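Structure file work_24.cif; described as mmCIF, C-alpha atoms and all ligand atoms.
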data_my_file
#
loop_
_atom_site.label_atom_id
_atom_site.label_comp_id
_atom_site.auth_asym_id
_atom_site.auth_seq_id
_atom_site.Cartn_x
_atom_site.Cartn_y
_atom_site.Cartn_z
CA MET Z 164 -150.20 90.50 -3.66
CA ASN Z 165 -148.40 90.20 -7.01
CA ARG Z 166 -147.83 86.91 -8.90
CA ARG Z 167 -144.25 86.48 -7.63
CA GLU Z 168 -145.30 86.94 -4.01
CA LEU Z 169 -148.10 84.44 -4.52
CA LEU Z 170 -145.72 81.83 -6.02
CA LYS Z 171 -143.19 82.39 -3.27
CA GLY Z 172 -145.87 82.05 -0.60
CA LEU Z 173 -147.04 78.76 -2.10
CA ALA Z 174 -143.50 77.40 -2.32
CA SER Z 175 -142.82 78.35 1.28
CA LEU Z 176 -146.08 76.71 2.40
CA ALA Z 177 -145.04 73.55 0.56
CA ALA Z 178 -141.69 73.53 2.36
CA PHE Z 179 -143.18 74.20 5.76
CA GLY Z 180 -145.64 71.38 5.40
CA CYS Z 181 -148.88 72.16 3.54
CA GLY Z 182 -148.31 69.10 1.34
CA CYS Z 183 -148.63 71.08 -1.93
CA GLU Z 184 -146.52 69.64 -4.72
CA GLU Z 185 -146.41 72.53 -7.17
CA SER Z 186 -143.04 73.37 -8.69
CA PHE Z 187 -141.99 76.82 -9.81
CA ALA Z 188 -139.11 78.13 -11.87
CA ASN Z 189 -138.70 81.83 -11.23
CA VAL Z 190 -134.92 82.28 -11.08
CA PRO Z 191 -133.94 83.48 -14.57
CA MET Z 192 -130.15 83.15 -14.15
CA PRO Z 193 -128.69 80.03 -12.46
CA ALA Z 194 -126.13 80.83 -9.75
CA GLU Z 195 -123.40 79.00 -11.66
CA LYS Z 196 -123.66 81.53 -14.50
CA ALA Z 197 -124.64 84.54 -12.44
CA GLY Z 198 -121.16 85.93 -11.72
CA MET Z 199 -120.79 88.62 -9.08
CA PRO Z 200 -123.83 90.83 -8.48
CA PRO Z 201 -122.90 94.53 -8.39
CA TYR Z 202 -122.94 95.78 -4.80
CA ASP Z 203 -121.56 99.30 -5.11
CA SER Z 204 -125.04 100.66 -4.38
CA GLN Z 205 -128.29 99.25 -3.05
CA ASP Z 206 -130.10 100.26 -6.25
CA HIS Z 207 -127.63 98.51 -8.55
CA PHE Z 208 -127.75 95.34 -6.46
CA VAL Z 209 -131.54 95.23 -6.15
CA HIS Z 210 -132.08 95.88 -9.86
CA TRP Z 211 -129.53 93.25 -10.97
CA MET Z 212 -130.93 90.64 -8.61
CA GLN Z 213 -134.51 91.33 -9.67
CA VAL Z 214 -133.56 90.84 -13.31
CA ASN Z 215 -131.24 87.85 -12.87
CA ARG Z 216 -132.64 86.06 -9.84
CA GLY Z 217 -136.26 87.16 -9.77
CA GLU Z 218 -136.19 88.06 -6.07
CA ASP Z 219 -138.26 90.45 -3.99
CA PRO Z 220 -136.81 94.01 -3.86
CA LYS Z 221 -137.80 94.42 -0.20
CA PHE Z 222 -135.64 91.50 0.93
CA LEU Z 223 -132.88 92.40 -1.52
CA ALA Z 224 -132.60 95.86 0.00
CA GLU Z 225 -132.40 94.31 3.48
CA ARG Z 226 -129.74 91.83 2.25
CA TRP Z 227 -127.63 94.69 0.88
CA ASP Z 228 -128.03 96.70 4.12
CA ARG Z 229 -126.89 93.71 6.19
CA LEU Z 230 -123.84 93.37 3.90
CA GLN Z 231 -122.80 96.91 4.85
CA ALA Z 232 -122.96 95.89 8.54
CA LEU Z 233 -121.00 92.69 7.80
CA PHE Z 234 -118.26 94.81 6.21
CA GLN Z 235 -118.31 97.32 9.07
CA HIS Z 236 -117.85 94.58 11.66
CA LYS Z 237 -115.28 92.68 9.60
CA ASP Z 238 -117.47 89.59 9.58
CA ILE Z 239 -117.03 88.88 5.86
CA TRP Z 240 -114.06 89.01 3.53
CA GLY Z 241 -113.10 87.74 0.09
CA ALA Z 242 -115.12 88.18 -3.11
CA LYS Z 243 -116.31 84.55 -3.14
CA ASN Z 244 -117.81 84.85 0.35
CA VAL Z 245 -119.49 88.15 -0.49
CA ARG Z 246 -120.97 86.58 -3.63
CA GLY Z 247 -122.18 83.53 -1.66
CA TYR Z 248 -123.87 85.80 0.88
CA LEU Z 249 -125.49 87.96 -1.80
CA LEU Z 250 -126.88 85.00 -3.76
CA THR Z 251 -128.45 83.27 -0.74
CA PRO Z 252 -132.07 84.30 -0.02
CA ARG Z 253 -132.13 84.18 3.79
CA GLU Z 254 -135.84 85.05 3.72
CA ASP Z 255 -136.54 81.56 2.36
CA PHE Z 256 -134.88 79.90 5.35
CA VAL Z 257 -136.62 81.69 8.23
CA THR Z 258 -140.07 80.63 9.37
CA PRO Z 259 -143.06 82.53 7.94
CA ALA Z 260 -143.54 84.20 11.36
CA ASN Z 261 -140.04 85.69 11.16
CA LEU Z 262 -140.13 86.87 7.53
CA GLY Z 263 -140.08 90.51 8.62
CA ARG Z 264 -136.88 89.87 10.62
CA ALA Z 265 -134.98 87.71 8.12
CA TYR Z 266 -132.01 90.14 7.98
CA VAL Z 267 -131.77 91.21 11.63
CA TRP Z 268 -128.39 90.80 13.29
CA HIS Z 269 -129.17 87.95 15.64
CA TYR Z 270 -130.29 84.33 15.43
CA LEU Z 271 -134.00 83.49 15.10
CA ASP Z 272 -136.18 80.67 16.34
CA ILE Z 273 -136.95 78.04 13.66
CA GLY Z 274 -139.02 75.69 15.84
CA PHE Z 275 -137.95 72.41 17.51
CA GLY Z 276 -136.11 74.44 20.18
CA VAL Z 277 -133.35 75.46 17.74
CA THR Z 278 -132.35 78.51 15.73
CA ILE Z 279 -131.05 79.81 12.42
CA THR Z 280 -127.63 81.28 13.20
CA GLY Z 281 -127.34 85.08 12.85
CA PRO Z 282 -125.93 86.42 9.56
CA HIS Z 283 -122.78 87.88 11.17
CA THR Z 284 -121.78 84.57 12.72
CA VAL Z 285 -122.58 82.65 9.52
CA ALA Z 286 -120.55 85.09 7.41
CA ARG Z 287 -117.52 85.04 9.73
CA MET Z 288 -117.50 81.25 10.12
CA THR Z 289 -117.86 80.82 6.34
CA SER Z 290 -115.10 83.34 5.56
CA VAL Z 291 -112.73 81.56 7.99
CA LEU Z 292 -113.61 78.22 6.39
CA ASP Z 293 -112.17 79.55 3.10
CA VAL Z 294 -113.96 77.12 0.79
CA ALA Z 295 -112.39 76.61 -2.64
CA PRO Z 296 -114.48 75.59 -5.66
CA GLY Z 297 -114.82 71.80 -5.69
CA ALA Z 298 -113.90 71.41 -2.01
CA LYS Z 299 -115.84 68.75 -0.11
CA VAL Z 300 -117.56 70.40 2.85
CA LEU Z 301 -119.43 68.77 5.75
CA GLU Z 302 -121.81 70.74 7.94
CA ILE Z 303 -123.02 69.40 11.29
CA GLY Z 304 -126.37 70.98 12.22
CA THR Z 305 -128.43 71.63 9.05
CA GLY Z 306 -131.16 73.49 10.98
CA SER Z 307 -132.88 75.92 8.61
CA GLY Z 308 -130.62 74.97 5.69
CA TYR Z 309 -129.27 78.52 5.27
CA GLN Z 310 -125.60 77.72 5.99
CA SER Z 311 -125.45 74.88 3.46
CA ALA Z 312 -127.30 76.97 0.88
CA TYR Z 313 -124.59 79.64 1.32
CA LEU Z 314 -121.88 76.96 1.00
CA SER Z 315 -123.42 75.67 -2.24
CA ASN Z 316 -122.48 78.99 -3.82
CA LEU Z 317 -118.83 78.30 -2.95
CA THR Z 318 -118.50 74.65 -3.95
CA ASP Z 319 -120.56 71.94 -5.63
CA SER Z 320 -119.96 69.36 -2.89
CA VAL Z 321 -121.85 70.03 0.34
CA PHE Z 322 -122.93 67.44 2.93
CA THR Z 323 -125.10 68.35 5.90
CA ILE Z 324 -126.41 66.37 8.86
CA GLU Z 325 -129.33 67.25 11.15
CA ILE Z 326 -130.22 65.25 14.27
CA ILE Z 327 -133.92 66.24 14.60
CA PRO Z 328 -135.84 64.01 12.16
CA ALA Z 329 -138.78 66.36 11.51
CA LEU Z 330 -136.47 69.35 10.99
CA ALA Z 331 -134.21 67.36 8.65
CA ALA Z 332 -137.29 66.38 6.62
CA ARG Z 333 -138.67 69.93 6.57
CA THR Z 334 -135.37 71.39 5.34
CA ARG Z 335 -135.05 68.66 2.71
CA ARG Z 336 -138.52 69.68 1.44
CA LEU Z 337 -137.44 73.32 1.45
CA TYR Z 338 -134.33 72.57 -0.68
CA ASP Z 339 -136.50 70.54 -3.09
CA SER Z 340 -139.03 73.36 -3.45
CA LEU Z 341 -136.24 75.92 -3.98
CA ILE Z 342 -134.59 73.67 -6.60
CA ALA Z 343 -137.96 73.46 -8.36
CA ARG Z 344 -138.13 77.27 -8.30
CA GLY Z 345 -134.76 77.48 -10.05
CA TYR Z 346 -132.18 77.47 -7.24
CA VAL Z 347 -130.43 74.56 -8.94
CA GLU Z 348 -127.22 75.14 -6.94
CA TYR Z 349 -128.97 73.38 -4.01
CA ARG Z 350 -128.73 70.14 -5.99
CA SER Z 351 -125.14 69.99 -4.69
CA ILE Z 352 -126.35 69.62 -1.09
CA LYS Z 353 -126.63 66.07 0.27
CA THR Z 354 -128.74 65.91 3.43
CA LYS Z 355 -128.96 63.27 6.14
CA ASN Z 356 -130.86 62.79 9.39
CA ALA Z 357 -128.36 61.40 11.91
CA ASP Z 358 -126.18 62.22 14.89
CA GLY Z 359 -123.43 64.33 13.32
CA TYR Z 360 -120.94 63.51 16.10
CA TYR Z 361 -119.83 60.57 13.98
CA GLY Z 362 -119.50 62.55 10.75
CA TRP Z 363 -120.34 61.01 7.40
CA GLU Z 364 -117.85 58.19 6.92
CA GLU Z 365 -119.15 57.20 3.48
CA PHE Z 366 -118.06 60.53 1.97
CA ALA Z 367 -114.99 61.23 4.15
CA PRO Z 368 -112.44 62.71 4.11
CA PHE Z 369 -113.60 66.33 3.89
CA ASP Z 370 -111.61 69.44 2.98
CA ARG Z 371 -113.70 71.52 5.34
CA ILE Z 372 -116.02 70.82 8.28
CA ILE Z 373 -118.31 73.41 9.86
CA VAL Z 374 -120.13 72.65 13.11
CA THR Z 375 -123.08 74.88 13.99
CA CYS Z 376 -123.91 73.50 17.46
CA GLY Z 377 -121.82 73.92 20.62
CA ILE Z 378 -119.82 71.19 22.37
CA ASP Z 379 -117.07 71.06 25.02
CA HIS Z 380 -114.54 69.16 22.90
CA ILE Z 381 -113.69 68.49 19.26
CA PRO Z 382 -115.38 65.22 18.27
CA PRO Z 383 -112.57 62.75 17.43
CA PRO Z 384 -114.57 61.18 14.55
CA LEU Z 385 -114.86 64.61 12.88
CA LEU Z 386 -111.14 65.23 13.28
CA LYS Z 387 -110.40 61.86 11.68
CA GLN Z 388 -112.65 62.74 8.73
CA LEU Z 389 -110.83 66.04 8.09
CA LYS Z 390 -108.17 65.87 5.36
CA PRO Z 391 -104.57 66.71 6.30
CA GLY Z 392 -104.33 70.49 6.14
CA GLY Z 393 -108.14 70.71 6.20
CA ILE Z 394 -109.99 73.32 8.24
CA MET Z 395 -112.78 72.80 10.77
CA VAL Z 396 -114.74 75.68 12.32
CA ILE Z 397 -116.45 74.62 15.54
CA PRO Z 398 -117.92 76.26 18.67
CA VAL Z 399 -116.13 74.66 21.66
CA GLY Z 400 -116.77 75.38 25.33
CA PRO Z 401 -119.30 75.14 28.15
CA PRO Z 402 -123.04 75.45 27.42
CA GLY Z 403 -124.01 78.93 26.24
CA ALA Z 404 -120.43 80.27 26.10
CA GLN Z 405 -118.50 78.56 23.35
CA HIS Z 406 -115.40 79.84 21.61
CA VAL Z 407 -115.63 79.51 17.87
CA LEU Z 408 -112.40 77.78 16.89
CA LYS Z 409 -110.61 77.44 13.60
CA VAL Z 410 -108.96 74.04 13.76
CA VAL Z 411 -106.33 73.02 11.22
CA ALA Z 412 -105.55 69.30 11.19
CA MET Z 413 -102.04 67.96 10.75
CA HIS Z 414 -101.87 64.19 10.32
CA GLU Z 415 -98.54 62.85 11.63
CA PRO Z 416 -96.83 59.67 10.37
CA GLY Z 417 -98.09 56.84 12.58
CA GLY Z 418 -101.67 58.08 12.69
CA ALA Z 419 -101.52 60.86 15.31
CA ILE Z 420 -103.41 64.07 14.46
CA ASN Z 421 -102.06 67.40 15.68
CA VAL Z 422 -104.27 70.43 15.60
CA ALA Z 423 -103.54 74.14 15.43
CA ARG Z 424 -106.41 76.13 16.99
CA SER Z 425 -107.29 79.79 16.95
CA ASP Z 426 -110.33 81.65 18.27
CA ILE Z 427 -112.08 83.43 15.38
CA TYR Z 428 -113.60 85.97 17.81
CA GLY Z 429 -110.33 86.71 19.66
CA GLY Z 430 -111.64 85.22 22.92
CA ALA Z 431 -115.23 86.50 22.99
CA PRO Z 432 -117.71 83.72 23.89
CA ILE Z 433 -120.68 83.05 21.60
CA ALA Z 434 -123.79 81.02 22.55
CA PHE Z 435 -124.75 78.11 20.30
CA VAL Z 436 -127.53 75.53 20.37
CA PRO Z 437 -126.17 72.37 22.12
CA PHE Z 438 -124.57 69.50 20.22
CA THR Z 439 -127.11 66.85 21.21
CA LYS Z 440 -127.01 63.09 20.94
CA LEU Z 441 -129.28 60.15 20.25
CA GLU Z 442 -130.26 57.72 22.99
CA GLY Z 443 -132.48 54.82 21.98
CA GLY Z 444 -133.35 56.64 18.78
CA MET Z 445 -134.44 59.81 20.69
CA VAL Z 446 -132.61 63.16 20.79
CA LYS Z 447 -131.57 63.27 24.44
CA GLY Z 448 -128.75 64.97 26.35
CA THR Z 449 -125.53 66.24 24.83
CA HIS Z 450 -122.14 64.96 23.76
CA ASN Z 451 -120.40 67.13 26.39
CA ASN Z 452 -117.87 65.30 28.53
CA GLU Z 453 -118.70 67.34 31.65
C1 LIG C 1 -127.81 76.85 15.45
S1 LIG C 1 -128.79 75.54 14.88
C2 LIG C 1 -128.91 75.64 13.14
C3 LIG C 1 -127.80 76.22 12.38
C4 LIG C 1 -127.96 76.06 10.89
N1 LIG C 1 -126.68 75.92 10.30
C5 LIG C 1 -128.74 77.22 10.31
O1 LIG C 1 -128.13 78.16 9.82
O2 LIG C 1 -129.96 77.19 10.38
C6 LIG C 1 -127.81 74.08 15.15
C7 LIG C 1 -128.42 72.82 14.63
O3 LIG C 1 -127.61 71.73 15.04
C8 LIG C 1 -128.45 70.62 15.23
N2 LIG C 1 -127.74 69.58 16.01
C9 LIG C 1 -127.50 69.55 17.35
N3 LIG C 1 -126.83 68.43 17.68
C10 LIG C 1 -126.63 67.75 16.51
C11 LIG C 1 -126.02 66.51 16.19
N4 LIG C 1 -125.49 65.70 17.13
N5 LIG C 1 -125.98 66.12 14.90
C12 LIG C 1 -126.54 66.89 13.92
N6 LIG C 1 -127.16 68.06 14.17
C13 LIG C 1 -127.21 68.49 15.45
C14 LIG C 1 -129.65 71.22 15.93
O4 LIG C 1 -130.77 70.36 15.92
C15 LIG C 1 -129.83 72.51 15.15
O5 LIG C 1 -130.70 72.33 14.07
#
Can I see the file as structure tokens?
Ligand SMILES: C[S@@+](CC[C@H](N)C(=O)[O-])C[C@H]1O[C@@H](n2cnc3c(N)ncnc32)[C@H](O)[C@@H]1O
Amino acid sequence: MNRRELLKGLASLAAFGCGCEESFANVPMPAEKAGMPPYDSQDHFVHWMQVNRGEDPKFLAERWDRLQALFQHKDIWGAKNVRGYLLTPREDFVTPANLGRAYVWHYLDIGFGVTITGPHTVARMTSVLDVAPGAKVLEIGTGSGYQSAYLSNLTDSVFTIEIIPALAARTRRLYDSLIARGYVEYRSIKTKNADGYYGWEEFAPFDRIIVTCGIDHIPPPLLKQLKPGGIMVIPVGPPGAQHVLKVVAMHEPGGAINVARSDIYGGAPIAFVPFTKLEGGMVKGTHNNE
């Protein structure tokens, strides 16, 4: 094991709960200054990222390979979204047991009965969200923290809510350990342990809202917290077969909100972890109407 692998292992242990409080700075070039990594070839990308971001060539090669699949399947578009994907080390957001599968197509277990969303779904939802620099973005369902980490490469104003207290705390520790290692872009992510159905009133309204758990309706509080003309991406439908909708809010005079919806998968259902709720302080049941 080389020194970088050792440091990375220690940081990941700290995040996943060993209680270590070491801090590491091994990212030579902050994301803000990093510009666009070259991605015309795997070699160019891996070399540039090793020099500028100090990352492991094995994972970098896998990240580049997955990008080719994202392009092939039209799951990512726009230079800013490609850059966000390339600068986000997915291997730091999977559990140690899944390190070898960090860049596989599908979602992976992260404990607590929930998952990290697969890279194709994350990339498509993020591309549809079309986040401009400075936009205020709310995520419901922090989970592993990967989605908000990706978003922090698009804007410096990210808010994310997780309902499971121990998972929210673990991901907060992970962000803190990554910030200490030099991923200072994650300083823009505000985290909270709460039921995301009610949004985050204190920081509303938001330019963009992304929901990463499935529900059978659009939560009215989230719609209210979306700016006029704002975009929400949300999986809506029965358990295990949601349609991922792009929702554009139009606020009418008099307070009514009209929405324009479109299915970002052209009608194909996608399974998401349920949008759960709190009952007596415990995570219990879902917010589904039926
Ligand atoms: C698919 S998972 C994680 C996705 C996450 N964005 C990622 O990439 O790891 C969805 C997450 O939504 C969380 N969740 C479910 N209901 C929620 C609620 N009412 N409020 C906040 N988070 C919720 C789950 O606990 C889970 O962590």
Which one is closest to Val209 in chain Z: Z:Lys221, Z:Trp268, Z:Ile381, Z:Ala332? Count all atoms listed in the file.
Z:Lys221
Ranking Z:Ser290, Z:Thr305, Z:Ser351, Z:Ser425 by minimum distance to Lys237 in chain Z and counting only C-alpha atoms, which one comes first?
Z:Ser290
Test item: residues no farther than 7 Å from ligand LIG 1 (chain C), counting all atoms listed in the file, as a PDB file with C-alpha atoms, in the coordinates of the input:
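What ended up in part37.pdb:
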ATOM      1  CA  VAL Z 277    -133.350  75.460  17.740  1.00  0.00           C
ATOM      2  CA  THR Z 278    -132.350  78.510  15.730  1.00  0.00           C
ATOM      3  CA  ILE Z 279    -131.050  79.810  12.420  1.00  0.00           C
ATOM      4  CA  THR Z 280    -127.630  81.280  13.200  1.00  0.00           C
ATOM      5  CA  ILE Z 303    -123.020  69.400  11.290  1.00  0.00           C
ATOM      6  CA  GLY Z 304    -126.370  70.980  12.220  1.00  0.00           C
ATOM      7  CA  THR Z 305    -128.430  71.630   9.050  1.00  0.00           C
ATOM      8  CA  GLY Z 306    -131.160  73.490  10.980  1.00  0.00           C
ATOM      9  CA  SER Z 307    -132.880  75.920   8.610  1.00  0.00           C
ATOM     10  CA  GLY Z 308    -130.620  74.970   5.690  1.00  0.00           C
ATOM     11  CA  TYR Z 309    -129.270  78.520   5.270  1.00  0.00           C
ATOM     12  CA  GLN Z 310    -125.600  77.720   5.990  1.00  0.00           C
ATOM     13  CA  ILE Z 324    -126.410  66.370   8.860  1.00  0.00           C
ATOM     14  CA  GLU Z 325    -129.330  67.250  11.150  1.00  0.00           C
ATOM     15  CA  ILE Z 326    -130.220  65.250  14.270  1.00  0.00           C
ATOM     16  CA  ILE Z 327    -133.920  66.240  14.600  1.00  0.00           C
ATOM     17  CA  ALA Z 357    -128.360  61.400  11.910  1.00  0.00           C
ATOM     18  CA  ASP Z 358    -126.180  62.220  14.890  1.00  0.00           C
ATOM     19  CA  GLY Z 359    -123.430  64.330  13.320  1.00  0.00           C
ATOM     20  CA  TYR Z 360    -120.940  63.510  16.100  1.00  0.00           C
ATOM     21  CA  THR Z 375    -123.080  74.880  13.990  1.00  0.00           C
ATOM     22  CA  CYS Z 376    -123.910  73.500  17.460  1.00  0.00           C
ATOM     23  CA  PHE Z 435    -124.750  78.110  20.300  1.00  0.00           C
ATOM     24  CA  VAL Z 436    -127.530  75.530  20.370  1.00  0.00           C
ATOM     25  CA  PRO Z 437    -126.170  72.370  22.120  1.00  0.00           C
ATOM     26  CA  PHE Z 438    -124.570  69.500  20.220  1.00  0.00           C
ATOM     27  CA  THR Z 439    -127.110  66.850  21.210  1.00  0.00           C
ATOM     28  CA  LYS Z 440    -127.010  63.090  20.940  1.00  0.00           C
TER      29      LYS Z 440
END
The residue from Z:Val291, Z:Val347, Z:Leu223, Z:Ala312 with the smallest atom-to-atom distance to Ala265 in chain Z, counting all atoms listed in the file, is Z:Leu223
Looking at Z:Gly297, Z:Ile378, Z:Ala224, Z:Lys243, which one is nearest to Tyr266 in chain Z, with distances taken over all atoms listed in the file?
Z:Ala224
Nearest residue to His236 in chain Z from the set Z:Ala286, Z:Val399, Z:Ala260, Z:Met199 (distances using all atoms listed in the file):
Z:Ala286
Using all atoms listed in the file, which residues sit within 9 Å of Ile427 in chain Z once same-chain residues fewer than 6 positions away are excluded, as a short mmCIF file (atom, residue, chain, number, x, y, z; two decimals) with C-alpha atoms, keeping the file's coordinate frame?
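Output contents, as saved in out00.cif:
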data_model
loop_
_atom_site.label_atom_id
_atom_site.label_comp_id
_atom_site.auth_asym_id
_atom_site.auth_seq_id
_atom_site.Cartn_x
_atom_site.Cartn_y
_atom_site.Cartn_z
CA ARG Z 287 -117.52 85.04 9.73
CA MET Z 288 -117.50 81.25 10.12
CA VAL Z 291 -112.73 81.56 7.99
CA VAL Z 396 -114.74 75.68 12.32
CA HIS Z 406 -115.40 79.84 21.61
CA VAL Z 407 -115.63 79.51 17.87
CA LEU Z 408 -112.40 77.78 16.89
CA LYS Z 409 -110.61 77.44 13.60
#
Could you tell me which of Z:Lys447, Z:Lys353, Z:Lys299, Z:Arg344 comes closest to Lys390 in chain Z if we count only C-alpha atoms?
Z:Lys299
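The two atoms in question, CA of Val245 in chain Z and CA of Tyr313 in chain Z, are spaced 10.1 Å apart.
Proximity to Val410 in chain Z at 7 Å, evaluated using all atoms listed in the file and with sequence-adjacent residues fewer than 5 positions away removed, yields Ile394, Met395, Val396, Val422, Ala423, Arg424 and Ser425 of chain Z.
Between CA of Glu218 in chain Z and CA of Tyr202 in chain Z there is a distance of 15.4 Å.
Computed from the coordinates, the CA of Glu348 in chain Z to CA of Thr318 in chain Z distance equals 9.2 Å.
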In the coordinates of the file, take the point (-132.5, 90.7, -11.7) and a cut-off of 12 Å; then, counting only C-alpha atoms, name each qualifying protein, DNA or RNA residue as a PyMOL selection string.
chain Z and resi 189-194+197+200-201+206-220+223+250
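Residues in contact range of Tyr349 in chain Z, defined as at most 8 Å between all atoms listed in the file, with sequence neighbours fewer than 4 positions away removed, read Ala312, Ser315, Tyr338, Leu341 and Ile342 of chain Z.
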Once N, CA and C atoms are restored for range 358-371 of chain Z, what would the output be as a short mmCIF file (atom, residue, chain, number, x, y, z; two decimals), in the frame of the given file?
data_model
loop_
_atom_site.label_atom_id
_atom_site.label_comp_id
_atom_site.auth_asym_id
_atom_site.auth_seq_id
_atom_site.Cartn_x
_atom_site.Cartn_y
_atom_site.Cartn_z
N ASP Z 358 -126.98 61.54 13.89
CA ASP Z 358 -126.18 62.22 14.89
C ASP Z 358 -124.84 62.58 14.24
N GLY Z 359 -124.61 63.86 14.04
CA GLY Z 359 -123.43 64.33 13.32
C GLY Z 359 -122.12 64.15 14.07
N TYR Z 360 -122.18 63.71 15.34
CA TYR Z 360 -120.94 63.51 16.10
C TYR Z 360 -120.01 62.54 15.36
N TYR Z 361 -120.63 61.62 14.64
CA TYR Z 361 -119.83 60.57 13.98
C TYR Z 361 -119.49 60.91 12.53
N GLY Z 362 -119.84 62.12 12.11
CA GLY Z 362 -119.50 62.55 10.75
C GLY Z 362 -120.27 61.76 9.70
N TRP Z 363 -119.69 61.72 8.51
CA TRP Z 363 -120.34 61.01 7.40
C TRP Z 363 -119.26 60.20 6.69
N GLU Z 364 -118.97 59.05 7.32
CA GLU Z 364 -117.85 58.19 6.92
C GLU Z 364 -117.84 57.88 5.41
N GLU Z 365 -119.03 57.60 4.89
CA GLU Z 365 -119.15 57.20 3.48
C GLU Z 365 -118.52 58.22 2.51
N PHE Z 366 -118.57 59.50 2.87
CA PHE Z 366 -118.06 60.53 1.97
C PHE Z 366 -116.75 61.17 2.46
N ALA Z 367 -116.24 60.68 3.60
CA ALA Z 367 -114.99 61.23 4.15
C ALA Z 367 -113.83 60.82 3.25
N PRO Z 368 -112.69 61.55 3.27
CA PRO Z 368 -112.44 62.71 4.11
C PRO Z 368 -112.95 64.01 3.48
N PHE Z 369 -113.09 65.03 4.33
CA PHE Z 369 -113.60 66.33 3.89
C PHE Z 369 -112.48 67.38 3.91
N ASP Z 370 -112.57 68.32 2.98
CA ASP Z 370 -111.61 69.44 2.98
C ASP Z 370 -111.95 70.43 4.08
N ARG Z 371 -113.23 70.54 4.35
CA ARG Z 371 -113.70 71.52 5.34
C ARG Z 371 -114.84 70.90 6.14
#
